[in-house]
file input.cif (mmCIF, N, CA and C atoms)
data_entry
#
loop_
_atom_site.label_atom_id
_atom_site.label_comp_id
_atom_site.auth_asym_id
_atom_site.auth_seq_id
_atom_site.Cartn_x
_atom_site.Cartn_y
_atom_site.Cartn_z
N MET A 1 -72.60 74.60 2.47
CA MET A 1 -72.55 75.43 1.27
C MET A 1 -73.58 74.92 0.27
N SER A 2 -74.21 75.83 -0.39
CA SER A 2 -75.20 75.44 -1.38
C SER A 2 -74.54 75.24 -2.74
N ALA A 3 -75.29 74.70 -3.67
CA ALA A 3 -74.78 74.46 -5.01
C ALA A 3 -74.43 75.77 -5.71
N ALA A 4 -75.16 76.82 -5.36
CA ALA A 4 -74.89 78.13 -5.96
C ALA A 4 -73.53 78.66 -5.53
N ASP A 5 -73.11 78.34 -4.29
CA ASP A 5 -71.80 78.80 -3.82
C ASP A 5 -70.67 78.12 -4.57
N HIS A 6 -70.86 76.85 -4.97
CA HIS A 6 -69.82 76.13 -5.68
C HIS A 6 -69.61 76.68 -7.09
N HIS A 7 -70.66 77.25 -7.66
CA HIS A 7 -70.56 77.75 -9.03
C HIS A 7 -70.43 79.27 -9.07
N ALA A 8 -70.20 79.88 -7.94
CA ALA A 8 -70.13 81.34 -7.88
C ALA A 8 -68.92 81.88 -8.62
N HIS A 9 -67.83 81.13 -8.63
CA HIS A 9 -66.61 81.58 -9.29
C HIS A 9 -66.21 80.57 -10.37
N PRO A 10 -66.76 80.72 -11.58
CA PRO A 10 -66.37 79.79 -12.64
C PRO A 10 -64.91 79.93 -13.03
N ASN A 11 -64.35 81.11 -12.83
CA ASN A 11 -62.93 81.33 -13.11
C ASN A 11 -62.16 81.06 -11.82
N PRO A 12 -61.24 80.09 -11.79
CA PRO A 12 -60.54 79.78 -10.55
C PRO A 12 -59.66 80.92 -10.05
N HIS A 13 -59.32 81.86 -10.90
CA HIS A 13 -58.47 82.97 -10.50
C HIS A 13 -59.29 84.19 -10.06
N ALA A 14 -60.61 84.10 -10.14
CA ALA A 14 -61.46 85.24 -9.80
C ALA A 14 -61.46 85.53 -8.31
N ASP A 15 -61.09 84.60 -7.48
CA ASP A 15 -61.12 84.83 -6.04
C ASP A 15 -59.84 85.47 -5.53
N GLY A 16 -58.96 85.89 -6.42
CA GLY A 16 -57.75 86.59 -5.99
C GLY A 16 -56.53 85.71 -5.84
N HIS A 17 -56.69 84.41 -5.99
CA HIS A 17 -55.55 83.50 -5.88
C HIS A 17 -54.96 83.28 -7.27
N HIS A 18 -53.77 83.77 -7.45
CA HIS A 18 -53.10 83.61 -8.74
C HIS A 18 -51.91 82.70 -8.57
N ASP A 19 -51.67 81.88 -9.56
CA ASP A 19 -50.50 81.02 -9.55
C ASP A 19 -49.35 81.77 -10.20
N ASP A 20 -48.47 82.32 -9.39
CA ASP A 20 -47.35 83.09 -9.91
C ASP A 20 -46.28 82.20 -10.51
N HIS A 21 -46.33 80.89 -10.27
CA HIS A 21 -45.29 80.00 -10.75
C HIS A 21 -45.52 79.54 -12.18
N GLU A 22 -46.59 80.00 -12.82
CA GLU A 22 -46.85 79.58 -14.19
C GLU A 22 -45.88 80.19 -15.19
N GLY A 23 -45.38 81.35 -14.92
CA GLY A 23 -44.41 81.98 -15.81
C GLY A 23 -45.07 82.66 -16.99
N ASN A 24 -44.29 83.38 -17.74
CA ASN A 24 -44.77 84.10 -18.90
C ASN A 24 -44.81 83.15 -20.09
N HIS A 25 -45.91 83.18 -20.83
CA HIS A 25 -46.04 82.28 -21.96
C HIS A 25 -45.54 82.90 -23.26
N GLY A 26 -44.99 84.06 -23.21
CA GLY A 26 -44.38 84.66 -24.39
C GLY A 26 -45.38 85.37 -25.27
N SER A 27 -44.84 86.20 -26.13
CA SER A 27 -45.67 86.97 -27.06
C SER A 27 -45.37 86.49 -28.48
N LEU A 28 -46.14 87.02 -29.40
CA LEU A 28 -45.91 86.69 -30.81
C LEU A 28 -44.50 87.11 -31.22
N ARG A 29 -44.04 88.23 -30.70
CA ARG A 29 -42.68 88.71 -31.01
C ARG A 29 -41.64 87.69 -30.55
N ASP A 30 -41.81 87.15 -29.33
CA ASP A 30 -40.87 86.15 -28.82
C ASP A 30 -40.87 84.89 -29.67
N TYR A 31 -42.07 84.46 -30.08
CA TYR A 31 -42.14 83.26 -30.92
C TYR A 31 -41.50 83.50 -32.28
N LEU A 32 -41.69 84.68 -32.86
CA LEU A 32 -41.07 84.99 -34.15
C LEU A 32 -39.54 85.05 -34.03
N ILE A 33 -39.05 85.66 -32.95
CA ILE A 33 -37.59 85.70 -32.74
C ILE A 33 -37.06 84.28 -32.62
N GLY A 34 -37.72 83.44 -31.83
CA GLY A 34 -37.30 82.05 -31.68
C GLY A 34 -37.33 81.29 -32.99
N PHE A 35 -38.38 81.52 -33.79
CA PHE A 35 -38.48 80.84 -35.09
C PHE A 35 -37.36 81.27 -36.03
N ILE A 36 -37.11 82.56 -36.11
CA ILE A 36 -36.06 83.07 -37.00
C ILE A 36 -34.69 82.55 -36.57
N LEU A 37 -34.41 82.60 -35.25
CA LEU A 37 -33.13 82.08 -34.76
C LEU A 37 -32.99 80.58 -35.06
N SER A 38 -34.07 79.83 -34.87
CA SER A 38 -34.03 78.40 -35.15
C SER A 38 -33.77 78.13 -36.63
N ALA A 39 -34.43 78.88 -37.49
CA ALA A 39 -34.23 78.70 -38.93
C ALA A 39 -32.80 79.03 -39.33
N VAL A 40 -32.25 80.11 -38.81
CA VAL A 40 -30.87 80.50 -39.13
C VAL A 40 -29.89 79.46 -38.57
N LEU A 41 -30.14 79.01 -37.34
CA LEU A 41 -29.25 78.02 -36.72
C LEU A 41 -29.36 76.64 -37.37
N THR A 42 -30.37 76.42 -38.18
CA THR A 42 -30.47 75.20 -38.97
C THR A 42 -29.85 75.40 -40.35
N ALA A 43 -30.07 76.56 -40.95
CA ALA A 43 -29.60 76.82 -42.31
C ALA A 43 -28.08 76.92 -42.40
N ILE A 44 -27.46 77.53 -41.41
CA ILE A 44 -26.00 77.70 -41.47
C ILE A 44 -25.26 76.36 -41.45
N PRO A 45 -25.55 75.45 -40.52
CA PRO A 45 -24.86 74.15 -40.58
C PRO A 45 -25.18 73.37 -41.85
N PHE A 46 -26.41 73.47 -42.34
CA PHE A 46 -26.76 72.81 -43.60
C PHE A 46 -25.91 73.34 -44.73
N TRP A 47 -25.76 74.66 -44.80
CA TRP A 47 -24.92 75.27 -45.83
C TRP A 47 -23.46 74.84 -45.67
N LEU A 48 -22.97 74.80 -44.42
CA LEU A 48 -21.57 74.39 -44.20
C LEU A 48 -21.30 72.99 -44.74
N VAL A 49 -22.24 72.09 -44.52
CA VAL A 49 -22.05 70.71 -44.99
C VAL A 49 -22.20 70.62 -46.50
N MET A 50 -23.23 71.23 -47.04
CA MET A 50 -23.50 71.11 -48.48
C MET A 50 -22.46 71.82 -49.34
N SER A 51 -21.91 72.94 -48.85
CA SER A 51 -20.94 73.68 -49.66
C SER A 51 -19.51 73.20 -49.42
N GLY A 52 -19.29 72.48 -48.34
CA GLY A 52 -17.93 72.07 -48.01
C GLY A 52 -17.06 73.25 -47.62
N ALA A 53 -17.65 74.25 -46.99
CA ALA A 53 -16.93 75.48 -46.63
C ALA A 53 -15.76 75.21 -45.69
N ILE A 54 -15.90 74.23 -44.83
CA ILE A 54 -14.81 73.84 -43.94
C ILE A 54 -14.29 72.49 -44.43
N ALA A 55 -13.02 72.45 -44.82
CA ALA A 55 -12.45 71.25 -45.43
C ALA A 55 -12.32 70.10 -44.43
N ASP A 56 -11.97 70.40 -43.20
CA ASP A 56 -11.77 69.37 -42.18
C ASP A 56 -13.12 68.88 -41.67
N LYS A 57 -13.37 67.56 -41.77
CA LYS A 57 -14.66 67.00 -41.36
C LYS A 57 -14.86 67.08 -39.85
N GLN A 58 -13.79 66.93 -39.08
CA GLN A 58 -13.92 67.03 -37.63
C GLN A 58 -14.27 68.45 -37.19
N ALA A 59 -13.66 69.42 -37.84
CA ALA A 59 -13.98 70.82 -37.52
C ALA A 59 -15.43 71.13 -37.89
N THR A 60 -15.88 70.60 -39.02
CA THR A 60 -17.28 70.78 -39.42
C THR A 60 -18.22 70.16 -38.39
N ALA A 61 -17.89 68.97 -37.93
CA ALA A 61 -18.72 68.30 -36.92
C ALA A 61 -18.76 69.11 -35.63
N LEU A 62 -17.63 69.66 -35.21
CA LEU A 62 -17.61 70.48 -33.99
C LEU A 62 -18.45 71.75 -34.15
N VAL A 63 -18.40 72.36 -35.31
CA VAL A 63 -19.19 73.57 -35.57
C VAL A 63 -20.68 73.21 -35.54
N ILE A 64 -21.05 72.08 -36.13
CA ILE A 64 -22.45 71.65 -36.13
C ILE A 64 -22.93 71.37 -34.71
N VAL A 65 -22.09 70.74 -33.90
CA VAL A 65 -22.46 70.47 -32.50
C VAL A 65 -22.64 71.80 -31.75
N ALA A 66 -21.77 72.76 -32.00
CA ALA A 66 -21.89 74.07 -31.35
C ALA A 66 -23.21 74.74 -31.74
N PHE A 67 -23.56 74.70 -33.03
CA PHE A 67 -24.83 75.27 -33.47
C PHE A 67 -26.00 74.52 -32.84
N ALA A 68 -25.88 73.21 -32.69
CA ALA A 68 -26.95 72.42 -32.06
C ALA A 68 -27.16 72.82 -30.61
N VAL A 69 -26.07 73.03 -29.89
CA VAL A 69 -26.18 73.43 -28.48
C VAL A 69 -26.85 74.81 -28.38
N VAL A 70 -26.46 75.73 -29.25
CA VAL A 70 -27.07 77.06 -29.25
C VAL A 70 -28.55 76.94 -29.58
N GLN A 71 -28.89 76.07 -30.52
CA GLN A 71 -30.30 75.91 -30.89
C GLN A 71 -31.11 75.31 -29.73
N ILE A 72 -30.52 74.40 -28.98
CA ILE A 72 -31.21 73.85 -27.80
C ILE A 72 -31.52 74.97 -26.82
N VAL A 73 -30.57 75.85 -26.59
CA VAL A 73 -30.78 76.97 -25.67
C VAL A 73 -31.88 77.90 -26.20
N VAL A 74 -31.88 78.18 -27.50
CA VAL A 74 -32.92 79.02 -28.09
C VAL A 74 -34.29 78.39 -27.89
N HIS A 75 -34.40 77.10 -28.11
CA HIS A 75 -35.69 76.42 -27.94
C HIS A 75 -36.14 76.47 -26.48
N MET A 76 -35.21 76.27 -25.56
CA MET A 76 -35.58 76.29 -24.15
C MET A 76 -36.05 77.68 -23.71
N ILE A 77 -35.44 78.72 -24.23
CA ILE A 77 -35.80 80.07 -23.82
C ILE A 77 -37.07 80.55 -24.52
N TYR A 78 -37.14 80.42 -25.85
CA TYR A 78 -38.23 81.02 -26.61
C TYR A 78 -39.47 80.14 -26.72
N PHE A 79 -39.33 78.82 -26.68
CA PHE A 79 -40.49 77.94 -26.86
C PHE A 79 -40.91 77.24 -25.57
N LEU A 80 -39.95 76.83 -24.74
CA LEU A 80 -40.28 76.18 -23.48
C LEU A 80 -40.37 77.17 -22.32
N HIS A 81 -39.99 78.43 -22.57
CA HIS A 81 -40.07 79.51 -21.59
C HIS A 81 -39.36 79.16 -20.28
N MET A 82 -38.20 78.55 -20.40
CA MET A 82 -37.44 78.18 -19.21
C MET A 82 -36.57 79.35 -18.78
N ASN A 83 -36.74 79.76 -17.55
CA ASN A 83 -35.89 80.77 -16.95
C ASN A 83 -35.91 80.57 -15.44
N THR A 84 -35.14 81.35 -14.75
CA THR A 84 -35.04 81.18 -13.30
C THR A 84 -36.29 81.67 -12.58
N LYS A 85 -37.16 82.44 -13.25
CA LYS A 85 -38.37 82.96 -12.62
C LYS A 85 -39.54 81.99 -12.70
N SER A 86 -39.61 81.18 -13.75
CA SER A 86 -40.75 80.29 -13.89
C SER A 86 -40.68 79.15 -12.89
N GLU A 87 -41.81 78.91 -12.26
CA GLU A 87 -41.96 77.86 -11.24
C GLU A 87 -40.88 77.94 -10.17
N ASN A 88 -40.56 79.14 -9.77
CA ASN A 88 -39.58 79.42 -8.72
C ASN A 88 -38.22 78.77 -8.98
N GLY A 89 -37.85 78.64 -10.23
CA GLY A 89 -36.54 78.11 -10.57
C GLY A 89 -36.46 76.59 -10.66
N TRP A 90 -37.57 75.90 -10.43
CA TRP A 90 -37.53 74.43 -10.43
C TRP A 90 -37.32 73.87 -11.83
N THR A 91 -37.74 74.58 -12.88
CA THR A 91 -37.51 74.08 -14.23
C THR A 91 -36.01 74.07 -14.54
N VAL A 92 -35.30 75.07 -14.08
CA VAL A 92 -33.85 75.13 -14.30
C VAL A 92 -33.16 74.04 -13.49
N MET A 93 -33.63 73.80 -12.26
CA MET A 93 -33.06 72.74 -11.43
C MET A 93 -33.30 71.37 -12.08
N ALA A 94 -34.48 71.17 -12.64
CA ALA A 94 -34.77 69.91 -13.32
C ALA A 94 -33.88 69.75 -14.56
N LEU A 95 -33.63 70.84 -15.26
CA LEU A 95 -32.75 70.80 -16.42
C LEU A 95 -31.33 70.44 -16.01
N ILE A 96 -30.83 71.06 -14.96
CA ILE A 96 -29.47 70.76 -14.49
C ILE A 96 -29.37 69.30 -14.06
N PHE A 97 -30.36 68.81 -13.34
CA PHE A 97 -30.38 67.41 -12.92
C PHE A 97 -30.37 66.49 -14.14
N THR A 98 -31.18 66.80 -15.15
CA THR A 98 -31.24 65.98 -16.36
C THR A 98 -29.90 65.98 -17.08
N ILE A 99 -29.26 67.13 -17.19
CA ILE A 99 -27.96 67.21 -17.86
C ILE A 99 -26.92 66.36 -17.12
N ILE A 100 -26.95 66.41 -15.78
CA ILE A 100 -26.01 65.62 -15.00
C ILE A 100 -26.25 64.12 -15.22
N ILE A 101 -27.50 63.69 -15.16
CA ILE A 101 -27.81 62.27 -15.34
C ILE A 101 -27.44 61.81 -16.74
N VAL A 102 -27.77 62.58 -17.76
CA VAL A 102 -27.41 62.21 -19.14
C VAL A 102 -25.90 62.18 -19.29
N GLY A 103 -25.19 63.13 -18.69
CA GLY A 103 -23.72 63.14 -18.76
C GLY A 103 -23.12 61.90 -18.12
N ILE A 104 -23.65 61.51 -16.94
CA ILE A 104 -23.15 60.31 -16.27
C ILE A 104 -23.43 59.08 -17.13
N ALA A 105 -24.64 58.95 -17.65
CA ALA A 105 -24.99 57.79 -18.47
C ALA A 105 -24.16 57.74 -19.75
N LEU A 106 -23.98 58.86 -20.40
CA LEU A 106 -23.21 58.89 -21.65
C LEU A 106 -21.74 58.60 -21.42
N SER A 107 -21.15 59.26 -20.43
CA SER A 107 -19.73 59.02 -20.16
C SER A 107 -19.50 57.60 -19.67
N GLY A 108 -20.39 57.07 -18.84
CA GLY A 108 -20.26 55.69 -18.38
C GLY A 108 -20.37 54.70 -19.53
N SER A 109 -21.29 54.94 -20.44
CA SER A 109 -21.45 54.06 -21.60
C SER A 109 -20.21 54.09 -22.49
N LEU A 110 -19.69 55.28 -22.75
CA LEU A 110 -18.49 55.39 -23.58
C LEU A 110 -17.30 54.73 -22.89
N TRP A 111 -17.18 54.88 -21.58
CA TRP A 111 -16.09 54.26 -20.83
C TRP A 111 -16.17 52.74 -20.92
N VAL A 112 -17.38 52.19 -20.73
CA VAL A 112 -17.56 50.74 -20.80
C VAL A 112 -17.25 50.23 -22.21
N MET A 113 -17.74 50.92 -23.23
CA MET A 113 -17.48 50.47 -24.61
C MET A 113 -16.00 50.54 -24.95
N TYR A 114 -15.31 51.58 -24.50
CA TYR A 114 -13.87 51.68 -24.77
C TYR A 114 -13.13 50.52 -24.12
N HIS A 115 -13.42 50.25 -22.85
CA HIS A 115 -12.71 49.19 -22.14
C HIS A 115 -13.08 47.81 -22.66
N LEU A 116 -14.32 47.62 -23.08
CA LEU A 116 -14.68 46.34 -23.69
C LEU A 116 -13.91 46.14 -24.99
N ASN A 117 -13.83 47.18 -25.79
CA ASN A 117 -13.09 47.09 -27.04
C ASN A 117 -11.61 46.83 -26.76
N HIS A 118 -11.05 47.52 -25.80
CA HIS A 118 -9.63 47.39 -25.47
C HIS A 118 -9.31 46.02 -24.89
N ASN A 119 -10.16 45.51 -24.01
CA ASN A 119 -9.88 44.27 -23.30
C ASN A 119 -10.36 43.02 -24.03
N MET A 120 -11.30 43.12 -24.91
CA MET A 120 -11.89 41.94 -25.53
C MET A 120 -11.40 41.66 -26.95
N MET A 121 -10.82 42.62 -27.60
CA MET A 121 -10.37 42.40 -28.98
C MET A 121 -9.13 41.51 -28.97
N PRO A 122 -9.02 40.57 -29.94
CA PRO A 122 -7.84 39.70 -29.98
C PRO A 122 -6.59 40.49 -30.33
N MET A 123 -5.47 40.03 -29.83
CA MET A 123 -4.20 40.69 -30.12
C MET A 123 -3.86 40.52 -31.59
N MET A 124 -3.28 41.53 -32.15
CA MET A 124 -2.92 41.48 -33.56
C MET A 124 -1.69 40.60 -33.79
N SER A 125 -0.90 40.34 -32.75
CA SER A 125 0.30 39.53 -32.92
C SER A 125 -0.03 38.04 -33.05
N HIS A 126 -1.22 37.63 -32.63
CA HIS A 126 -1.61 36.24 -32.75
C HIS A 126 -2.06 35.95 -34.17
N ASP A 127 -1.82 34.74 -34.59
CA ASP A 127 -2.27 34.33 -35.92
C ASP A 127 -3.78 34.06 -35.86
N MET A 128 -4.54 34.73 -36.70
CA MET A 128 -5.99 34.59 -36.67
C MET A 128 -6.43 33.18 -37.11
N GLY A 129 -5.56 32.46 -37.78
CA GLY A 129 -5.89 31.08 -38.19
C GLY A 129 -5.95 30.14 -37.01
N GLN A 130 -5.31 30.49 -35.92
CA GLN A 130 -5.29 29.62 -34.74
C GLN A 130 -6.50 29.86 -33.82
N VAL A 131 -7.26 30.92 -34.05
CA VAL A 131 -8.41 31.22 -33.21
C VAL A 131 -9.54 30.27 -33.61
N PRO A 132 -10.14 29.54 -32.65
CA PRO A 132 -11.21 28.57 -33.00
C PRO A 132 -12.45 29.22 -33.52
#

call {"tool": "encode", "arguments": {"input": "input.cif", "output": "structure tokens"}}
result
Amino acid sequence: MSAADHHAHPNPHADGHHDDHEGNHGSLRDYLIGFILSAVLTAIPFWLVMSGAIADKQATALVIVAFAVVQIVVHMIYFLHMNTKSENGWTVMALIFTIIIVGIALSGSLWVMYHLNHNMMPMMSHDMGQVP
């Protein structure tokens, strides 16, 4: 092959080979929808905390966590373009694997910390003056 043949197709997609696994990169409309949803999903929990609309702090925390989970999904769909069609579904498989690994690590850490606290703390019935 001559040097001219190597430079005949400066565009790698000009020879008819397209990478269908790249997925859709979204439109301006999709980005605006994602931005508006993200702003709303940030503003509502901020308002809930600042106004004290929910008196119970645990209920407020649960509502904030729910909004956070929804916002993660919005970011994955509108900004990371994750769906079952992109890269033949491997991005979703990687996400599921990551969630499983994080869940195992988090639950294992909480389990270890609970049992360390339960097994290592001194008994309250003992006099603390006798502990060296």

call {"tool": "atom_distance", "arguments": {"input": "input.cif", "atom1": "atom C of Thr60 in chain A", "atom2": "atom C of Asn117 in chain A"}}
result
26.9 Å

call {"tool": "axis_aligned_box", "arguments": {"input": "input.cif", "around": "range 25-43 of chain A", "padding_each_side": "6 Å", "output": "lines of an AutoDock Vina configuration file"}}
result
center_x = -37.1
center_y = 82.0
center_z = -31.6
size_x = 30.1
size_y = 25.5
size_z = 33.6

call {"tool": "closest_residue", "arguments": {"input": "input.cif", "among": "A:Met120, A:Val63, A:Met113, A:Leu106", "to": "Pro45 in chain A", "atoms": "only N, CA and C atoms"}}
result
A:Val63

call {"tool": "resolve_selection", "arguments": {"input": "input.cif", "expression": "the PyMOL selection byres ((chain A and resi 79) around 8)", "output": "VMD selection string"}}
result
chain A and resid 25 30 to 31 34 to 35 73 to 78 80 to 82

call {"tool": "residues_near_point", "arguments": {"input": "input.cif", "point": "(-32.0, 74.4, -35.6)", "cutoff": "7 Å", "atoms": "only N, CA and C atoms", "output": "count of residues only"}}
result
11

call {"tool": "atom_distance", "arguments": {"input": "input.cif", "atom1": "CA of Val70 in chain A", "atom2": "CA of Val49 in chain A"}}
result
17.7 Å

call {"tool": "atom_distance", "arguments": {"input": "input.cif", "atom1": "CA of Ile64 in chain A", "atom2": "CA of Ile44 in chain A"}}
result
8.8 Å

call {"tool": "build_atoms", "arguments": {"input": "input.cif", "residues": "range 31-41 of chain A", "atoms": "all heavy atoms", "output": "compact mmCIF listing (two decimals), in the frame of the given file"}}
result
# COMPACT_ATOMS: atom_id res chain seq x y z
N TYR A 31 -42.07 84.46 -30.08
CA TYR A 31 -42.14 83.26 -30.92
C TYR A 31 -41.50 83.50 -32.28
O TYR A 31 -40.83 82.61 -32.83
CB TYR A 31 -43.60 82.82 -31.10
CG TYR A 31 -44.15 82.12 -29.89
CD1 TYR A 31 -45.22 82.63 -29.19
CD2 TYR A 31 -43.59 80.92 -29.44
CE1 TYR A 31 -45.73 81.99 -28.08
CE2 TYR A 31 -44.08 80.27 -28.33
CZ TYR A 31 -45.15 80.81 -27.65
OH TYR A 31 -45.65 80.17 -26.55
N LEU A 32 -41.69 84.68 -32.86
CA LEU A 32 -41.07 84.99 -34.15
C LEU A 32 -39.54 85.05 -34.03
O LEU A 32 -38.83 84.56 -34.91
CB LEU A 32 -41.62 86.30 -34.71
CG LEU A 32 -43.05 86.23 -35.25
CD1 LEU A 32 -43.54 87.61 -35.66
CD2 LEU A 32 -43.13 85.26 -36.41
N ILE A 33 -39.05 85.66 -32.95
CA ILE A 33 -37.59 85.70 -32.74
C ILE A 33 -37.06 84.28 -32.62
O ILE A 33 -36.04 83.92 -33.23
CB ILE A 33 -37.25 86.54 -31.50
CG1 ILE A 33 -37.52 88.02 -31.76
CG2 ILE A 33 -35.79 86.34 -31.08
CD1 ILE A 33 -37.41 88.89 -30.52
N GLY A 34 -37.72 83.44 -31.83
CA GLY A 34 -37.30 82.05 -31.68
C GLY A 34 -37.33 81.29 -32.99
O GLY A 34 -36.40 80.53 -33.30
N PHE A 35 -38.38 81.52 -33.79
CA PHE A 35 -38.48 80.84 -35.09
C PHE A 35 -37.36 81.27 -36.03
O PHE A 35 -36.73 80.43 -36.68
CB PHE A 35 -39.84 81.11 -35.72
CG PHE A 35 -39.97 80.55 -37.10
CD1 PHE A 35 -40.14 79.19 -37.29
CD2 PHE A 35 -39.91 81.37 -38.20
CE1 PHE A 35 -40.24 78.66 -38.56
CE2 PHE A 35 -40.01 80.86 -39.47
CZ PHE A 35 -40.18 79.49 -39.66
N ILE A 36 -37.11 82.56 -36.11
CA ILE A 36 -36.06 83.07 -37.00
C ILE A 36 -34.69 82.55 -36.57
O ILE A 36 -33.89 82.09 -37.39
CB ILE A 36 -36.10 84.61 -37.07
CG1 ILE A 36 -37.36 85.06 -37.80
CG2 ILE A 36 -34.85 85.16 -37.74
CD1 ILE A 36 -37.67 86.53 -37.69
N LEU A 37 -34.41 82.60 -35.25
CA LEU A 37 -33.13 82.08 -34.76
C LEU A 37 -32.99 80.58 -35.06
O LEU A 37 -31.92 80.12 -35.46
CB LEU A 37 -33.00 82.33 -33.26
CG LEU A 37 -32.70 83.76 -32.84
CD1 LEU A 37 -32.76 83.89 -31.32
CD2 LEU A 37 -31.35 84.20 -33.36
N SER A 38 -34.07 79.83 -34.87
CA SER A 38 -34.03 78.40 -35.15
C SER A 38 -33.77 78.13 -36.63
O SER A 38 -33.00 77.23 -36.97
CB SER A 38 -35.33 77.73 -34.72
OG SER A 38 -35.49 77.82 -33.33
N ALA A 39 -34.43 78.88 -37.49
CA ALA A 39 -34.23 78.70 -38.93
C ALA A 39 -32.80 79.03 -39.33
O ALA A 39 -32.17 78.29 -40.11
CB ALA A 39 -35.22 79.57 -39.71
N VAL A 40 -32.25 80.11 -38.81
CA VAL A 40 -30.87 80.50 -39.13
C VAL A 40 -29.89 79.46 -38.57
O VAL A 40 -28.94 79.07 -39.25
CB VAL A 40 -30.57 81.91 -38.58
CG1 VAL A 40 -29.09 82.23 -38.63
CG2 VAL A 40 -31.36 82.95 -39.35
N LEU A 41 -30.14 79.01 -37.34
CA LEU A 41 -29.25 78.02 -36.72
C LEU A 41 -29.36 76.64 -37.37
O LEU A 41 -28.51 75.78 -37.13
CB LEU A 41 -29.54 77.92 -35.22
CG LEU A 41 -29.16 79.15 -34.40
CD1 LEU A 41 -29.71 79.05 -32.99
CD2 LEU A 41 -27.65 79.34 -34.39
